[in-house]
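Below is the file upload_36.cif, which contains mmCIF, C-alpha atoms.
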```cif
data_my_file
#
loop_
_atom_site.label_atom_id
_atom_site.label_comp_id
_atom_site.auth_asym_id
_atom_site.auth_seq_id
_atom_site.Cartn_x
_atom_site.Cartn_y
_atom_site.Cartn_z
CA MET A 1 11.23 -199.17 124.78
CA THR A 2 9.91 -202.67 125.14
CA ASP A 3 10.62 -205.36 122.64
CA LEU A 4 7.54 -207.45 121.95
CA ASN A 5 9.62 -210.34 120.59
CA LEU A 6 10.48 -211.67 124.00
CA ASP A 7 11.80 -215.18 124.49
CA LYS A 8 11.29 -217.19 127.64
CA GLY A 9 14.47 -217.01 129.73
CA GLN A 10 15.71 -213.88 128.00
CA ILE A 11 17.46 -211.45 130.36
CA VAL A 12 15.82 -208.01 130.11
CA ALA A 13 17.71 -206.25 132.89
CA GLU A 14 20.58 -206.85 135.27
CA THR A 15 21.81 -204.48 137.99
CA THR A 16 23.94 -204.65 141.13
CA PHE A 17 22.95 -202.45 144.07
CA SER A 18 25.39 -201.36 146.77
CA ILE A 19 23.56 -201.13 150.09
CA THR A 20 25.06 -199.37 153.11
CA ARG A 21 23.83 -198.63 156.62
CA ASP A 22 22.93 -195.18 155.27
CA SER A 23 20.56 -196.90 152.82
CA LEU A 24 18.81 -198.65 155.71
CA VAL A 25 18.35 -195.45 157.71
CA ARG A 26 17.04 -193.69 154.61
CA TYR A 27 14.58 -196.52 153.93
CA ALA A 28 13.46 -196.59 157.57
CA GLY A 29 12.56 -192.91 157.36
CA ALA A 30 10.89 -193.16 153.97
CA SER A 31 8.83 -196.25 154.80
CA GLY A 32 8.12 -195.73 158.49
CA ASP A 33 9.64 -199.11 159.42
CA PHE A 34 11.85 -198.28 162.39
CA ASN A 35 12.49 -201.82 163.61
CA PRO A 36 15.93 -201.43 165.26
CA ILE A 37 17.24 -204.72 163.83
CA HIS A 38 17.76 -202.64 160.68
CA TYR A 39 20.15 -200.14 162.27
CA ARG A 40 21.38 -201.37 165.68
CA ASP A 41 23.89 -204.21 165.96
CA ASP A 42 23.22 -204.69 169.67
CA VAL A 43 19.48 -205.18 169.11
CA ALA A 44 20.06 -207.45 166.10
CA THR A 45 22.44 -209.73 168.00
CA SER A 46 20.19 -209.74 171.10
CA VAL A 47 17.42 -211.41 169.05
CA GLY A 48 19.82 -214.00 167.64
CA LEU A 49 20.65 -212.39 164.30
CA PRO A 50 24.21 -212.34 162.99
CA GLY A 51 24.02 -208.55 162.55
CA VAL A 52 22.00 -205.68 161.09
CA LEU A 53 19.76 -206.77 158.22
CA ALA A 54 18.30 -204.86 155.29
CA HIS A 55 14.53 -204.42 155.41
CA GLY A 56 12.98 -207.12 153.24
CA MET A 57 10.79 -204.42 151.74
CA LEU A 58 13.88 -202.41 150.78
CA THR A 59 15.17 -205.40 148.81
CA MET A 60 11.72 -205.87 147.24
CA GLY A 61 11.65 -202.13 146.49
CA PHE A 62 14.90 -201.90 144.56
CA ALA A 63 14.64 -205.36 142.96
CA ILE A 64 11.83 -204.12 140.70
CA GLN A 65 13.70 -200.99 139.57
CA PRO A 66 15.68 -202.64 136.74
CA VAL A 67 12.33 -203.85 135.37
CA VAL A 68 10.81 -200.36 135.71
CA ASP A 69 13.78 -198.88 133.85
CA TRP A 70 13.40 -201.50 131.12
CA ILE A 71 9.65 -200.88 130.57
CA GLY A 72 10.05 -197.15 131.20
CA ASP A 73 6.97 -196.64 133.37
CA SER A 74 6.36 -198.00 136.89
CA GLY A 75 2.63 -197.74 136.12
CA LYS A 76 3.00 -200.71 133.77
CA VAL A 77 3.68 -203.03 136.68
CA LEU A 78 0.35 -204.86 137.16
CA ASP A 79 1.35 -207.24 139.94
CA TYR A 80 4.50 -207.79 141.98
CA GLN A 81 5.19 -210.46 144.56
CA VAL A 82 8.14 -211.86 146.48
CA ARG A 83 8.86 -214.33 149.25
CA PHE A 84 11.52 -213.35 151.77
CA THR A 85 13.74 -216.41 152.00
CA ARG A 86 17.12 -215.22 153.34
CA PRO A 87 18.29 -212.03 155.06
CA VAL A 88 20.71 -209.49 153.58
CA LEU A 89 23.36 -208.71 156.20
CA VAL A 90 24.65 -205.16 155.85
CA ASP A 91 28.14 -204.68 157.25
CA ALA A 92 28.76 -201.33 158.93
CA VAL A 93 31.92 -200.71 156.92
CA VAL A 94 31.59 -202.46 153.57
CA GLY A 95 27.79 -202.66 153.27
CA ALA A 96 26.29 -205.32 151.02
CA SER A 97 26.12 -205.92 147.32
CA VAL A 98 22.87 -207.32 145.91
CA THR A 99 22.46 -208.37 142.28
CA VAL A 100 19.15 -208.45 140.43
CA VAL A 101 18.69 -210.39 137.19
CA ALA A 102 15.32 -210.05 135.45
CA ARG A 103 14.30 -212.75 132.98
CA VAL A 104 11.20 -213.31 130.89
CA GLY A 105 9.13 -216.06 132.56
CA SER A 106 6.24 -216.09 130.10
CA VAL A 107 4.37 -213.83 127.70
CA GLU A 108 0.62 -213.93 127.19
CA ASP A 109 -1.17 -211.35 125.07
CA ASP A 110 0.33 -208.00 126.10
CA VAL A 111 1.46 -209.09 129.54
CA ALA A 112 4.86 -210.52 130.43
CA ARG A 113 5.74 -212.31 133.61
CA ILE A 114 9.23 -211.25 134.63
CA ASP A 115 11.09 -213.51 137.06
CA LEU A 116 13.67 -211.89 139.32
CA THR A 117 16.76 -213.64 140.65
CA VAL A 118 18.07 -211.60 143.56
CA THR A 119 21.38 -212.71 145.04
CA TYR A 120 23.58 -211.63 147.91
CA GLY A 121 26.91 -213.41 148.07
CA GLU A 122 26.26 -216.76 146.46
CA GLN A 123 22.68 -217.12 147.70
CA THR A 124 19.28 -215.97 146.53
CA VAL A 125 17.45 -213.83 149.07
CA LEU A 126 14.00 -213.69 147.46
CA GLY A 127 11.87 -216.61 146.32
CA LYS A 128 9.06 -216.57 143.76
CA ALA A 129 9.96 -212.98 142.91
CA GLN A 130 7.70 -212.20 139.97
CA ALA A 131 6.25 -209.14 138.32
CA ARG A 132 3.53 -209.01 135.70
CA VAL A 133 4.07 -206.08 133.39
CA SER A 134 2.01 -204.59 130.61
CA LEU A 135 3.77 -204.47 127.24
CA SER A 136 1.11 -202.32 125.57
CA MET B 1 -2.29 -216.40 168.15
CA ASN B 2 -6.05 -216.26 168.04
CA PRO B 3 -7.49 -218.41 165.19
CA GLU B 4 -10.79 -216.52 165.41
CA LEU B 5 -9.08 -213.56 163.71
CA GLN B 6 -9.54 -215.32 160.38
CA GLY B 7 -12.10 -213.45 158.30
CA ARG B 8 -12.08 -210.37 160.51
CA VAL B 9 -12.47 -207.07 158.66
CA PHE B 10 -11.15 -203.91 160.27
CA GLU B 11 -12.35 -200.29 160.19
CA PRO B 12 -11.03 -198.24 157.24
CA THR B 13 -7.83 -196.34 158.03
CA ALA B 14 -7.83 -192.54 158.17
CA PRO B 15 -7.31 -191.03 154.69
CA TYR B 16 -3.63 -190.75 153.70
CA LEU B 17 -2.79 -187.81 151.44
CA VAL B 18 0.10 -188.79 149.16
CA GLY B 19 2.59 -185.92 148.96
CA ARG B 20 4.92 -185.26 146.06
CA GLU B 21 7.95 -184.95 148.34
CA LYS B 22 7.00 -188.20 150.11
CA ILE B 23 7.04 -190.01 146.78
CA ARG B 24 10.43 -188.49 145.94
CA GLU B 25 11.78 -189.46 149.37
CA PHE B 26 10.53 -193.03 148.98
CA ALA B 27 11.83 -193.22 145.41
CA ARG B 28 15.32 -192.18 146.54
CA ALA B 29 15.20 -194.81 149.32
CA VAL B 30 14.47 -197.67 146.86
CA PHE B 31 16.95 -196.46 144.21
CA ALA B 32 14.13 -195.48 141.82
CA THR B 33 15.57 -193.06 139.31
CA SER B 34 12.76 -192.97 136.72
CA PRO B 35 11.80 -189.38 135.83
CA LEU B 36 8.14 -190.37 136.35
CA ASN B 37 8.92 -190.84 140.06
CA HIS B 38 10.53 -187.41 140.43
CA ASP B 39 9.60 -184.95 137.71
CA PRO B 40 5.98 -183.70 137.36
CA VAL B 41 6.63 -182.55 133.78
CA ALA B 42 7.74 -186.05 132.75
CA ALA B 43 4.83 -187.66 134.63
CA ILE B 44 2.24 -185.38 133.02
CA ALA B 45 3.78 -185.99 129.59
CA ALA B 46 3.30 -189.74 130.24
CA GLY B 47 -0.40 -189.18 131.00
CA TYR B 48 -0.39 -188.98 134.81
CA SER B 49 -1.80 -186.14 136.90
CA ASP B 50 1.40 -185.89 138.99
CA ILE B 51 4.52 -187.90 139.84
CA VAL B 52 4.06 -191.66 140.14
CA ALA B 53 4.94 -193.67 143.23
CA PRO B 54 7.32 -196.64 142.90
CA PRO B 55 5.61 -200.08 142.91
CA THR B 56 6.26 -200.83 146.60
CA PHE B 57 5.05 -197.44 147.90
CA PRO B 58 1.72 -198.98 149.04
CA VAL B 59 3.69 -200.48 151.93
CA VAL B 60 3.50 -197.02 153.54
CA ILE B 61 -0.31 -197.34 153.64
CA GLN B 62 -0.13 -201.03 154.56
CA GLU B 63 1.93 -200.13 157.65
CA SER B 64 -1.12 -198.48 159.20
CA THR B 65 -3.31 -201.53 158.64
CA LEU B 66 -0.73 -203.95 160.06
CA ALA B 67 -0.49 -201.65 163.09
CA GLN B 68 -4.25 -202.17 163.54
CA LEU B 69 -3.74 -205.93 163.43
CA LEU B 70 -0.86 -205.95 165.92
CA ALA B 71 -2.81 -203.65 168.26
CA GLU B 72 -5.96 -205.79 168.19
CA PRO B 73 -6.46 -206.73 171.86
CA ASP B 74 -7.42 -210.36 171.23
CA ALA B 75 -4.91 -211.03 168.41
CA GLY B 76 -2.16 -212.39 170.64
CA ILE B 77 0.60 -211.34 168.25
CA ASP B 78 3.99 -210.63 169.84
CA PHE B 79 5.57 -207.98 167.60
CA THR B 80 9.12 -209.03 168.49
CA ARG B 81 8.42 -212.51 167.07
CA VAL B 82 6.99 -211.33 163.75
CA VAL B 83 8.92 -212.00 160.53
CA HIS B 84 7.78 -210.86 157.08
CA GLY B 85 7.14 -214.01 155.04
CA ASP B 86 5.93 -212.74 151.71
CA GLN B 87 4.41 -209.69 150.07
CA ARG B 88 2.32 -209.05 147.00
CA PHE B 89 0.82 -205.97 145.36
CA THR B 90 -1.90 -206.16 142.72
CA TYR B 91 -2.51 -202.83 141.04
CA THR B 92 -5.48 -201.34 139.22
CA ARG B 93 -3.43 -198.19 138.70
CA PRO B 94 -0.25 -196.72 140.20
CA ILE B 95 -0.43 -194.33 143.15
CA VAL B 96 0.21 -190.70 142.15
CA ALA B 97 0.89 -187.57 144.21
CA GLY B 98 -2.37 -186.00 145.36
CA ASP B 99 -4.13 -189.33 145.92
CA GLU B 100 -6.12 -189.58 149.13
CA LEU B 101 -5.99 -193.25 150.05
CA THR B 102 -7.91 -195.37 152.53
CA ALA B 103 -7.17 -198.99 153.37
CA VAL B 104 -9.39 -201.74 154.68
CA LEU B 105 -7.63 -204.67 156.29
CA SER B 106 -9.02 -208.17 156.39
CA VAL B 107 -7.42 -211.31 157.76
CA ALA B 108 -7.50 -213.74 154.86
CA SER B 109 -6.09 -216.76 156.64
CA ILE B 110 -4.37 -218.04 159.74
CA LYS B 111 -2.34 -221.23 159.61
CA SER B 112 -0.13 -223.10 162.02
CA LEU B 113 3.05 -224.71 160.79
CA GLY B 114 5.57 -226.45 163.01
CA GLY B 115 4.92 -224.29 166.07
CA HIS B 116 4.79 -221.07 164.04
CA SER B 117 1.68 -219.17 163.03
CA MET B 118 1.23 -217.59 159.63
CA VAL B 119 -1.24 -214.77 159.17
CA THR B 120 -2.12 -213.50 155.72
CA ALA B 121 -3.42 -209.93 155.83
CA GLU B 122 -5.04 -208.26 152.84
CA SER B 123 -5.22 -204.46 152.62
CA ILE B 124 -7.54 -203.10 149.95
CA ILE B 125 -6.47 -199.56 149.12
CA THR B 126 -8.96 -197.21 147.45
CA ASP B 127 -8.89 -193.56 146.41
CA ALA B 128 -11.16 -190.68 147.48
CA SER B 129 -13.77 -191.70 144.90
CA GLY B 130 -13.85 -195.22 146.33
CA ALA B 131 -12.17 -196.73 143.26
CA HIS B 132 -9.68 -199.56 143.76
CA VAL B 133 -6.00 -198.59 143.45
CA VAL B 134 -4.02 -201.53 144.80
CA THR B 135 -4.39 -204.55 147.04
CA ALA B 136 -1.46 -205.32 149.32
CA ILE B 137 -1.21 -208.88 150.62
CA SER B 138 1.26 -209.65 153.36
CA THR B 139 2.02 -212.89 155.13
CA LEU B 140 3.54 -212.52 158.58
CA VAL B 141 5.17 -215.43 160.33
CA VAL B 142 4.85 -215.34 164.10
CA ARG B 143 7.57 -217.54 165.56
CA GLY B 144 6.41 -219.87 168.31
CA ASP B 145 8.03 -220.36 171.73
CA GLU B 146 11.48 -221.88 171.52
#
```

Can you turn what I pasted into structure tokens?
Amino acid sequence: MTDLNLDKGQIVAETTFSITRDSLVRYAGASGDFNPIHYRDDVATSVGLPGVLAHGMLTMGFAIQPVVDWIGDSGKVLDYQVRFTRPVLVDAVVGASVTVVARVGSVEDDVARIDLTVTYGEQTVLGKAQARVSLS
Amino acid sequence: MNPELQGRVFEPTAPYLVGREKIREFARAVFATSPLNHDPVAAIAAGYSDIVAPPTFPVVIQESTLAQLLAEPDAGIDFTRVVHGDQRFTYTRPIVAGDELTAVLSVASIKSLGGHSMVTAESIITDASGAHVVTAISTLVVRGDE
């Protein structure tokens, strides 16, 4: 259930996702993005990357889920945007841990702007990650 | 890349029939555990005709439009140099299983920045009745020669 008495800056959801190479292969199949930099170390290093990276769209895809769980209906997401600012390196053995914190950015009428802070290690990996959600 | 691409509008993509199992597969891949994404009974109880796709599912349809762009003979885009810069979805309604979706790609802008090119591609996704479902806007950064 949503709480209509939302304060700017209030945290509405917070979740940490554990990503493994299995997650990347699963996302490649589901999305149709088979760029080998997301599953082959040799290809990733040959194009100058430090290793296999998560698909940016995978990070965008799970980063909204804590918000969906909070509002209870993915159909209430009216708009969702992100900027891909830093890669998420996914180690073959230990994977990667990505934390999503969702805060209220603003509320106008029955629509809230939710700002997402998505971090891997000590750094944010998405910029201007915002969703507009219907509260009605 | 070719600056004359700006403003170009492409042919509509072939209709994409959204399957229930495809939505479930995509939902599992993005850690979406909402019953509305998996269970038709829950989705119908919430007022939908079938299970609901997670918010970033339109990327599956957008893939086919970006393939059109990369394949355009005069585009001059080297796929191996393309990096995803940003992404936005603006929804009229969520995608549900059973939707038959068509996308029309247009090139909204092309900019040059420090030797790189940035192309903003807009895919307008409509259902079988022609009604708007979602617009997917993607900015691709094409790295210049190093």

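Minimum distance to chain A across B:Arg88, B:Arg20, B:Arg8, B:Arg81 (counting only C-alpha atoms) occurs at B:Arg88.
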
Handout entry: Shortest interatomic distance to chain A - which of B:Ile51, B:Ile23, B:Ala29, B:Ile137, counting all atoms listed in the file
Key = B:Ala29

Handout entry: Long-range neighbours of Arg113 of chain A as a PyMOL selection string, 12 Å cut-off, only C-alpha atoms, 4 positions minimum in chain
Key = chain A and resi 6-10+12+67+76-81+102-109+128-135

Just the selected residues (C-alpha atoms), exported as a PDB file, in the frame of the given file, please.
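Listing of again19.pdb after writing:
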```
ATOM      1  CA  LEU A   6      10.480-211.670 124.000  1.00  0.00           C
ATOM      2  CA  ASP A   7      11.800-215.180 124.490  1.00  0.00           C
ATOM      3  CA  LYS A   8      11.290-217.190 127.640  1.00  0.00           C
ATOM      4  CA  GLY A   9      14.470-217.010 129.730  1.00  0.00           C
ATOM      5  CA  GLN A  10      15.710-213.880 128.000  1.00  0.00           C
ATOM      6  CA  VAL A  12      15.820-208.010 130.110  1.00  0.00           C
ATOM      7  CA  VAL A  67      12.330-203.850 135.370  1.00  0.00           C
ATOM      8  CA  LYS A  76       3.000-200.710 133.770  1.00  0.00           C
ATOM      9  CA  VAL A  77       3.680-203.030 136.680  1.00  0.00           C
ATOM     10  CA  LEU A  78       0.350-204.860 137.160  1.00  0.00           C
ATOM     11  CA  ASP A  79       1.350-207.240 139.940  1.00  0.00           C
ATOM     12  CA  TYR A  80       4.500-207.790 141.980  1.00  0.00           C
ATOM     13  CA  GLN A  81       5.190-210.460 144.560  1.00  0.00           C
ATOM     14  CA  ALA A 102      15.320-210.050 135.450  1.00  0.00           C
ATOM     15  CA  ARG A 103      14.300-212.750 132.980  1.00  0.00           C
ATOM     16  CA  VAL A 104      11.200-213.310 130.890  1.00  0.00           C
ATOM     17  CA  GLY A 105       9.130-216.060 132.560  1.00  0.00           C
ATOM     18  CA  SER A 106       6.240-216.090 130.100  1.00  0.00           C
ATOM     19  CA  VAL A 107       4.370-213.830 127.700  1.00  0.00           C
ATOM     20  CA  GLU A 108       0.620-213.930 127.190  1.00  0.00           C
ATOM     21  CA  ASP A 109      -1.170-211.350 125.070  1.00  0.00           C
ATOM     22  CA  LYS A 128       9.060-216.570 143.760  1.00  0.00           C
ATOM     23  CA  ALA A 129       9.960-212.980 142.910  1.00  0.00           C
ATOM     24  CA  GLN A 130       7.700-212.200 139.970  1.00  0.00           C
ATOM     25  CA  ALA A 131       6.250-209.140 138.320  1.00  0.00           C
ATOM     26  CA  ARG A 132       3.530-209.010 135.700  1.00  0.00           C
ATOM     27  CA  VAL A 133       4.070-206.080 133.390  1.00  0.00           C
ATOM     28  CA  SER A 134       2.010-204.590 130.610  1.00  0.00           C
ATOM     29  CA  LEU A 135       3.770-204.470 127.240  1.00  0.00           C
TER      30      LEU A 135
END
```

Exercise for the section: Could you check which of A:Thr15, A:Ser31, A:Thr117, A:Ser97 is closest to chain B, using only C-alpha atoms? Expected result: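 That would be A:Ser31, the residue with the smallest distance to chain B.
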
Exercise for the section: Compute the set of chain B residues within 10 Å of chain A, using only C-alpha atoms, and express it as number ranges by chain. Expected result: B: 22-37, 43, 46, 48, 52-61, 63-64, 80-81, 83-96, 134-139
